[in-house]
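Contents: one structure, followed by commentary.
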Amino acid sequence: MADILFDPLVGRNLTIKNRILRSNISGRFDNYDGSGTQTRINWETKFARGGVGAIISSFVPVTMRGRIVPNYATIDRDDRVPFWRELGKRVHEHDCKFILQLSHGGRQRDIPGIEFAKGLSSTDRADPLHGFECERMTTAQIHETVDAFAQGARRAREAGLDGVELHSANGYLITQFLSSAINDRTDEYGGSLENRARFLLEIVRAIRAEVGADFHLQAKISATEMANAMVPGEPRGNTIQDSVPVCQWLEEAGVDAIHVSGGAFFPHPRNPAGELPIDELVKTYDSLLASGTKTFRNYIFFRGRLTSEFFQKRWRKEAGKVIEGVNLADAAAIKKAVGIPVICTGGFQTASFIRELLTRGDCDAVSIARSLVANPDLVQQFAAGKDRPDRPCTYCNRCLVNAPENPLGCYDEIRMKKYGGRIHVGLPSVAVSVTLT
Ligand SMILES: Cc1cc2nc3c(=O)[nH]c(=O)nc-3n(C[C@H](O)[C@H](O)[C@H](O)COP(=O)(O)O)c2cc1C
Ligand code: SF4
């Protein structure tokens with residue numbers, strides 16, 4: 001019997017061989033100046049070899065000011081094209097498509113202030129968690145940024161890539177316009193939902209004018225924001241009722257698919273859903289902690305035993321109980337309202353569960369990040385009849401909190417221990433390897 005997991009996903013401008021896409025994820029693999037390296041090519045090729053139908057790149061800045069951290073390859077200039085062409089070519093060798101995520105961080109950054117003291121944003125209000133300062137964009141800066149996205153799309157097409165995704169999710173610049181919790185403008189880019197969506201829709205139209213109607217363009221959105229999840233007193237932000245019309249406008253403006261995410265900031269208790277490993281976070285959080293205006297408060301929060309436990313408890317409460325399919329209800333609501341494919345991200349790693357939701361029509365495909373980091377051959381395992389990998393991702397989020405400083409990979413030693421491999425016991429100043437019998 002045909003397996004719905006391996007049915008091609010046929011879109012207006014792109015056909016993908018199966019229903020599993022690698023969601024946006026990577027580490028600081030590239031050069032400080034934004035040029036790409038072989039490491040990124042190897043990283044992406046690993047997942048293509050593992051059988052996913054398409055890879056959606058991680059955050060690719062369209063301008064240098066849009067960077068959230070150094071060492072991510074950018075697409076801000078024409079001389080970046082050869083690198084992306086080579087990467088696309090290598091991924092294509094495995095019958096896998098490559099979609100580049102066009103991104104701008106705005107006020108939300110991982111290591112702020114190195115090149116530009118302040119990020120650009122819809123607002124001049126610093127972000128509530130870290131206190132990263134920002135500058136309210138002028139109309140001229142908005143137009144320049146719209147054009148930067150369009151030029152990024154043109155370069156992706158020139159590089160022979162299969163499409164682009166707008167990073168209009170997870171709290172970055174486009175979310176900062178869309179979000180009722182963040183956008184406090186009084187001009188035509190703020191206020192009503194129509195006005196808050198104007199920046200995003202202008203980007204879509206500018207991309208279509210630049211690349212034509214026949215190049216795949218998708219948008220990742222945070223359907224439910226829960227902007228008040230970690231900082232009490234903040235507004236709740238957009239709900240699915242706001243996001244459904246935005247997705248309909250995106251479809252009308254020429255977007256080919258919607259990628260459903262959640263959260264008005266990143267990371268967020270529901271994105272990536274799972275644990276907040278404070279023990280590990282305090283080791284890698286220093287530069288973030290020291291870069292905003294909330295350093296003292298956050299020092300107390302994360303370094304104090306009681307306060308960090310309180311923070312972790314709040315994270316767990318806001319995270320809720322669902323990990324696999326955390327955004328599924330939102331994806332299903334959007335799917336009912338649009339005619340283009342809907343891709344859902346969030347916790348997927350069980351073949352039968354994915355088959356069930358695809359059969360029900362909740363969405364058209366799923367995207368997976370962490371479970372593929374844990375098992376890059378997950379799709380091949382599904383094809384061979386496995387329902388869930390023997391050593392599944394535990395959603396511990398250790399990969400996430402290591403990402404700003406350390407190489408990206410799976411950091412959960414418990415996964416290895418259970419299966420008799422080598423376990424690494426980390427102490428503050430020594431690390432000992434022992435072999436389990
Ligand atoms: C280390 C790390 C880096 C990520 N980077 C990005 C990114 O660059 N762009 C993006 O849209 N999402 C990013 N995400 C979110 C993932 O793409 C994905 O949507 C989220 O982790 C939920 O899926 P999962 O449960 O399969 O991991 C990242 C997640 C992790 C853990
Ligand atoms: S560190 Fe490994 S097990 Fe933990 S969330 Fe990341 S990939 Fe999954």
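The chains in the structure tokens are called A, B, ... from first to last as shown; in each chain the residues are counted from 1, and the ligands are counted from 1 in the order shown.
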
**Within 12 Å of Phe98 (chain A) using only C-alpha atoms, minus same-chain residues under 6 positions, as a VMD selection string** = chain A and resid 14 to 16 21 to 24 41 44 to 45 47 to 48 52 to 58 84 to 92 156 to 157 159 to 165 216 to 217

Considering only C-alpha atoms, return as an mmCIF file with C-alpha atoms, in the first residue's frame whatever protein or nucleic-acid residues lie within 7 Å of Phe215 (chain A), sequence-local ones (same chain, fewer than 3 positions apart) excluded.
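Saved file out-v9.cif follows:
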```cif
data_model
loop_
_atom_site.group_PDB
_atom_site.id
_atom_site.type_symbol
_atom_site.label_atom_id
_atom_site.label_comp_id
_atom_site.auth_asym_id
_atom_site.auth_seq_id
_atom_site.Cartn_x
_atom_site.Cartn_y
_atom_site.Cartn_z
ATOM 1 C CA ASN A 13 6.331 26.045 -8.227
ATOM 2 C CA GLY A 163 12.936 28.495 -3.493
ATOM 3 C CA VAL A 211 11.934 36.895 -9.429
ATOM 4 C CA GLY A 212 8.631 36.436 -11.277
#
```

**Request:** Any chance you could list, as a PyMOL selection string, the residues in region 15-190 of chain A that come up strand (DSSP E or B) when DSSP is run on the backbone?
**Result:** chain A and resi 15-16+20-22+54-61+97-103+119-121+134-136+163-168

**Request:** Could I get the residue neighbourhood of ligand 2 at 6 Å, counting only C-alpha atoms and all ligand atoms, as an NGL selection string?
**Result:** :A and (370-371 or 373-374 or 393-399 or 410-412)

For those residues, write N, CA, C and O atoms to a file as an mmCIF file, in the first residue's frame.
```
data_model
loop_
_atom_site.group_PDB
_atom_site.id
_atom_site.type_symbol
_atom_site.label_atom_id
_atom_site.label_comp_id
_atom_site.auth_asym_id
_atom_site.auth_seq_id
_atom_site.Cartn_x
_atom_site.Cartn_y
_atom_site.Cartn_z
ATOM 1 N N ARG A 370 15.192 19.190 15.432
ATOM 2 C CA ARG A 370 16.016 18.491 16.431
ATOM 3 C C ARG A 370 16.043 16.975 16.249
ATOM 4 O O ARG A 370 17.097 16.360 16.433
ATOM 5 N N SER A 371 14.909 16.390 15.890
ATOM 6 C CA SER A 371 14.914 14.921 15.756
ATOM 7 C C SER A 371 15.821 14.481 14.619
ATOM 8 O O SER A 371 16.316 13.345 14.627
ATOM 9 N N VAL A 373 18.617 16.214 13.943
ATOM 10 C CA VAL A 373 19.971 16.387 14.486
ATOM 11 C C VAL A 373 20.348 15.111 15.243
ATOM 12 O O VAL A 373 21.456 14.591 15.129
ATOM 13 N N ALA A 374 19.379 14.578 15.995
ATOM 14 C CA ALA A 374 19.625 13.347 16.760
ATOM 15 C C ALA A 374 19.779 12.145 15.825
ATOM 16 O O ALA A 374 20.603 11.270 16.056
ATOM 17 N N CYS A 393 15.292 11.712 19.841
ATOM 18 C CA CYS A 393 15.577 13.024 20.431
ATOM 19 C C CYS A 393 14.737 13.111 21.699
ATOM 20 O O CYS A 393 13.559 12.754 21.701
ATOM 21 N N THR A 394 15.343 13.594 22.790
ATOM 22 C CA THR A 394 14.626 13.674 24.073
ATOM 23 C C THR A 394 14.033 15.064 24.296
ATOM 24 O O THR A 394 13.477 15.324 25.356
ATOM 25 N N TYR A 395 14.205 15.943 23.345
ATOM 26 C CA TYR A 395 13.711 17.328 23.439
ATOM 27 C C TYR A 395 14.341 18.050 24.647
ATOM 28 O O TYR A 395 13.702 18.888 25.284
ATOM 29 N N CYS A 396 15.582 17.701 24.958
ATOM 30 C CA CYS A 396 16.238 18.296 26.134
ATOM 31 C C CYS A 396 16.686 19.732 25.856
ATOM 32 O O CYS A 396 17.005 20.471 26.776
ATOM 33 N N ASN A 397 16.765 20.098 24.587
ATOM 34 C CA ASN A 397 17.180 21.444 24.149
ATOM 35 C C ASN A 397 18.624 21.805 24.491
ATOM 36 O O ASN A 397 18.977 22.995 24.553
ATOM 37 N N ARG A 398 19.449 20.799 24.700
ATOM 38 C CA ARG A 398 20.868 21.087 24.933
ATOM 39 C C ARG A 398 21.553 21.562 23.647
ATOM 40 O O ARG A 398 22.464 22.376 23.681
ATOM 41 N N CYS A 399 21.070 21.071 22.505
ATOM 42 C CA CYS A 399 21.632 21.551 21.233
ATOM 43 C C CYS A 399 21.347 23.047 21.086
ATOM 44 O O CYS A 399 22.196 23.835 20.692
ATOM 45 N N CYS A 410 24.035 16.920 18.663
ATOM 46 C CA CYS A 410 23.238 16.446 19.789
ATOM 47 C C CYS A 410 24.112 16.394 21.036
ATOM 48 O O CYS A 410 25.165 15.775 21.032
ATOM 49 N N TYR A 411 23.657 17.041 22.092
ATOM 50 C CA TYR A 411 24.426 17.108 23.332
ATOM 51 C C TYR A 411 23.829 16.248 24.439
ATOM 52 O O TYR A 411 24.238 16.359 25.582
ATOM 53 N N ASP A 412 22.846 15.420 24.120
ATOM 54 C CA ASP A 412 22.221 14.656 25.193
ATOM 55 C C ASP A 412 22.905 13.328 25.409
ATOM 56 O O ASP A 412 22.678 12.353 24.687
#
```

**Prompt:** Of the residues A:Ala219, A:Leu372, A:Val401, A:Cys363, which is the one nearest to Gly254 (chain A), using only C-alpha atoms?
**Reply:** A:Ala219

**Prompt:** With distances taken over only C-alpha atoms and all ligand atoms, which of A:Lys220, A:Arg65, A:Lys335, A:Arg303 is nearest to ligand 1?
**Reply:** A:Lys220

**Asked** Quick one: distance from CA of Leu378 (chain A) to CA of Arg19 (chain A) in Å, one decimal?
**Response**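 Answer for the CA of Leu378 (chain A) to CA of Arg19 (chain A) separation: 12.8 Å.
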
Can you check which parts of chain A lie within 7 Å of ligand 1? Per residue, the shortest pair of atoms and distance in Å to one decimal, counting only C-alpha atoms and all ligand atoms, sorted by chain and number, as JSON lines.
```
{"residue": "A:Ser23", "atom": "CA", "partner": "ligand 1", "partner_atom_place_in_ligand_line": "17 (O)", "distance": 4.3}
{"residue": "A:Asn24", "atom": "CA", "partner": "ligand 1", "partner_atom_place_in_ligand_line": "17 (O)", "distance": 3.7}
{"residue": "A:Ile25", "atom": "CA", "partner": "ligand 1", "partner_atom_place_in_ligand_line": "5 (N)", "distance": 4.0}
{"residue": "A:Ser26", "atom": "CA", "partner": "ligand 1", "partner_atom_place_in_ligand_line": "3 (C)", "distance": 5.6}
{"residue": "A:Gly27", "atom": "CA", "partner": "ligand 1", "partner_atom_place_in_ligand_line": "1 (C)", "distance": 6.8}
{"residue": "A:Ser58", "atom": "CA", "partner": "ligand 1", "partner_atom_place_in_ligand_line": "8 (O)", "distance": 3.6}
{"residue": "A:Phe59", "atom": "CA", "partner": "ligand 1", "partner_atom_place_in_ligand_line": "8 (O)", "distance": 3.7}
{"residue": "A:His167", "atom": "CA", "partner": "ligand 1", "partner_atom_place_in_ligand_line": "11 (O)", "distance": 6.0}
{"residue": "A:Ala169", "atom": "CA", "partner": "ligand 1", "partner_atom_place_in_ligand_line": "11 (O)", "distance": 6.6}
{"residue": "A:Asn170", "atom": "CA", "partner": "ligand 1", "partner_atom_place_in_ligand_line": "11 (O)", "distance": 6.7}
{"residue": "A:Lys220", "atom": "CA", "partner": "ligand 1", "partner_atom_place_in_ligand_line": "11 (O)", "distance": 6.9}
{"residue": "A:Ser261", "atom": "CA", "partner": "ligand 1", "partner_atom_place_in_ligand_line": "19 (O)", "distance": 6.1}
{"residue": "A:Asn271", "atom": "CA", "partner": "ligand 1", "partner_atom_place_in_ligand_line": "22 (C)", "distance": 5.6}
{"residue": "A:Pro272", "atom": "CA", "partner": "ligand 1", "partner_atom_place_in_ligand_line": "21 (O)", "distance": 4.3}
{"residue": "A:Ala273", "atom": "CA", "partner": "ligand 1", "partner_atom_place_in_ligand_line": "25 (O)", "distance": 6.2}
{"residue": "A:Thr345", "atom": "CA", "partner": "ligand 1", "partner_atom_place_in_ligand_line": "23 (O)", "distance": 5.0}
{"residue": "A:Gly346", "atom": "CA", "partner": "ligand 1", "partner_atom_place_in_ligand_line": "23 (O)", "distance": 3.8}
{"residue": "A:Gly347", "atom": "CA", "partner": "ligand 1", "partner_atom_place_in_ligand_line": "25 (O)", "distance": 3.3}
{"residue": "A:Phe348", "atom": "CA", "partner": "ligand 1", "partner_atom_place_in_ligand_line": "26 (O)", "distance": 5.6}
{"residue": "A:Ser367", "atom": "CA", "partner": "ligand 1", "partner_atom_place_in_ligand_line": "26 (O)", "distance": 6.4}
{"residue": "A:Ile368", "atom": "CA", "partner": "ligand 1", "partner_atom_place_in_ligand_line": "26 (O)", "distance": 3.6}
{"residue": "A:Ala369", "atom": "CA", "partner": "ligand 1", "partner_atom_place_in_ligand_line": "26 (O)", "distance": 3.8}
{"residue": "A:Arg370", "atom": "CA", "partner": "ligand 1", "partner_atom_place_in_ligand_line": "27 (O)", "distance": 3.8}
{"residue": "A:Ser371", "atom": "CA", "partner": "ligand 1", "partner_atom_place_in_ligand_line": "26 (O)", "distance": 5.8}
{"residue": "A:Asn397", "atom": "CA", "partner": "ligand 1", "partner_atom_place_in_ligand_line": "31 (C)", "distance": 6.6}
{"residue": "A:Cys399", "atom": "CA", "partner": "ligand 1", "partner_atom_place_in_ligand_line": "1 (C)", "distance": 5.6}
{"residue": "A:Leu400", "atom": "CA", "partner": "ligand 1", "partner_atom_place_in_ligand_line": "1 (C)", "distance": 4.0}
{"residue": "A:Ala403", "atom": "CA", "partner": "ligand 1", "partner_atom_place_in_ligand_line": "1 (C)", "distance": 5.4}
{"residue": "A:Leu408", "atom": "CA", "partner": "ligand 1", "partner_atom_place_in_ligand_line": "1 (C)", "distance": 6.9}
```

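Taking CA of Arg80 (chain A) and CA of Gly152 (chain A) as the two end points, the separation is 9.9 Å.
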
**Prompt:** Which polymer residues have any atom within 6 Å of an atom of Asn31 (chain A), counting only C-alpha atoms, with same-chain residues fewer than 3 positions away left out, as an NGL selection string?
**Reply:** :A and (34-35 or 71)

**Contacts of His268 (chain A) at 9 Å (only C-alpha atoms; same-chain gap of 3+ positions) as number ranges by chain** = A: 170, 226-227, 229-230, 262-265, 271-273, 315, 318-319

Output the selection as a PDB file, in the first residue's frame - N, CA, C and O atoms for each residue.
```
ATOM      1  N   ASN A 170       8.946  33.616  14.806  1.00  0.00           N
ATOM      2  CA  ASN A 170       9.902  33.448  15.910  1.00  0.00           C
ATOM      3  C   ASN A 170      10.465  34.750  16.485  1.00  0.00           C
ATOM      4  O   ASN A 170      11.528  34.732  17.106  1.00  0.00           O
ATOM      5  N   MET A 226       1.882  34.033  22.101  1.00  0.00           N
ATOM      6  CA  MET A 226       2.113  33.922  23.553  1.00  0.00           C
ATOM      7  C   MET A 226       3.310  34.798  23.967  1.00  0.00           C
ATOM      8  O   MET A 226       4.277  34.321  24.567  1.00  0.00           O
ATOM      9  N   ALA A 227       3.214  36.083  23.641  1.00  0.00           N
ATOM     10  CA  ALA A 227       4.336  36.999  23.886  1.00  0.00           C
ATOM     11  C   ALA A 227       4.593  37.202  25.376  1.00  0.00           C
ATOM     12  O   ALA A 227       5.670  37.637  25.779  1.00  0.00           O
ATOM     13  N   ALA A 229       4.720  34.828  27.575  1.00  0.00           N
ATOM     14  CA  ALA A 229       5.062  33.534  28.185  1.00  0.00           C
ATOM     15  C   ALA A 229       6.122  33.639  29.279  1.00  0.00           C
ATOM     16  O   ALA A 229       6.009  32.978  30.300  1.00  0.00           O
ATOM     17  N   MET A 230       7.160  34.439  29.090  1.00  0.00           N
ATOM     18  CA  MET A 230       8.230  34.458  30.091  1.00  0.00           C
ATOM     19  C   MET A 230       8.337  35.767  30.870  1.00  0.00           C
ATOM     20  O   MET A 230       8.990  35.820  31.899  1.00  0.00           O
ATOM     21  N   GLY A 262       5.511  28.929  16.090  1.00  0.00           N
ATOM     22  CA  GLY A 262       4.835  29.618  17.190  1.00  0.00           C
ATOM     23  C   GLY A 262       5.816  30.432  18.016  1.00  0.00           C
ATOM     24  O   GLY A 262       7.021  30.187  17.997  1.00  0.00           O
ATOM     25  N   GLY A 263       5.279  31.428  18.748  1.00  0.00           N
ATOM     26  CA  GLY A 263       6.120  32.186  19.674  1.00  0.00           C
ATOM     27  C   GLY A 263       6.520  33.554  19.152  1.00  0.00           C
ATOM     28  O   GLY A 263       6.968  33.685  18.019  1.00  0.00           O
ATOM     29  N   ALA A 264       6.382  34.569  20.014  1.00  0.00           N
ATOM     30  CA  ALA A 264       6.740  35.945  19.637  1.00  0.00           C
ATOM     31  C   ALA A 264       8.224  36.218  19.833  1.00  0.00           C
ATOM     32  O   ALA A 264       8.698  37.318  19.549  1.00  0.00           O
ATOM     33  N   PHE A 265       8.943  35.236  20.383  1.00  0.00           N
ATOM     34  CA  PHE A 265      10.396  35.387  20.542  1.00  0.00           C
ATOM     35  C   PHE A 265      11.020  34.005  20.449  1.00  0.00           C
ATOM     36  O   PHE A 265      10.302  32.987  20.429  1.00  0.00           O
ATOM     37  N   ASN A 271       8.687  26.709  21.518  1.00  0.00           N
ATOM     38  CA  ASN A 271       9.504  26.666  20.305  1.00  0.00           C
ATOM     39  C   ASN A 271      10.976  26.872  20.620  1.00  0.00           C
ATOM     40  O   ASN A 271      11.372  28.000  20.879  1.00  0.00           O
ATOM     41  N   PRO A 272      11.792  25.834  20.551  1.00  0.00           N
ATOM     42  CA  PRO A 272      11.444  24.440  20.339  1.00  0.00           C
ATOM     43  C   PRO A 272      10.892  23.841  21.629  1.00  0.00           C
ATOM     44  O   PRO A 272      11.516  23.984  22.695  1.00  0.00           O
ATOM     45  N   ALA A 273       9.771  23.166  21.520  1.00  0.00           N
ATOM     46  CA  ALA A 273       9.096  22.646  22.707  1.00  0.00           C
ATOM     47  C   ALA A 273       9.962  21.598  23.399  1.00  0.00           C
ATOM     48  O   ALA A 273      10.566  20.754  22.753  1.00  0.00           O
ATOM     49  N   TRP A 315       8.853  28.171  32.494  1.00  0.00           N
ATOM     50  CA  TRP A 315       9.058  27.643  31.136  1.00  0.00           C
ATOM     51  C   TRP A 315       8.229  26.367  30.952  1.00  0.00           C
ATOM     52  O   TRP A 315       7.505  26.212  29.982  1.00  0.00           O
ATOM     53  N   GLU A 318       4.455  27.084  30.821  1.00  0.00           N
ATOM     54  CA  GLU A 318       4.037  27.700  29.552  1.00  0.00           C
ATOM     55  C   GLU A 318       4.200  26.736  28.380  1.00  0.00           C
ATOM     56  O   GLU A 318       3.504  26.837  27.379  1.00  0.00           O
ATOM     57  N   ALA A 319       5.144  25.805  28.520  1.00  0.00           N
ATOM     58  CA  ALA A 319       5.383  24.849  27.430  1.00  0.00           C
ATOM     59  C   ALA A 319       4.185  23.919  27.249  1.00  0.00           C
ATOM     60  O   ALA A 319       3.908  23.449  26.148  1.00  0.00           O
TER      61      ALA A 319
END
```

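Closest approach to Pro404 (chain A) from the set A:Ser287, A:Gln241, A:Thr63, A:Gln176 is made by A:Ser287, with distances taken over only C-alpha atoms.
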
**Fill in**
For Lys386 (chain A), the closest of A:Ala351, A:Phe132, A:Arg198, A:Ala253 counting only C-alpha atoms is A:Ala351
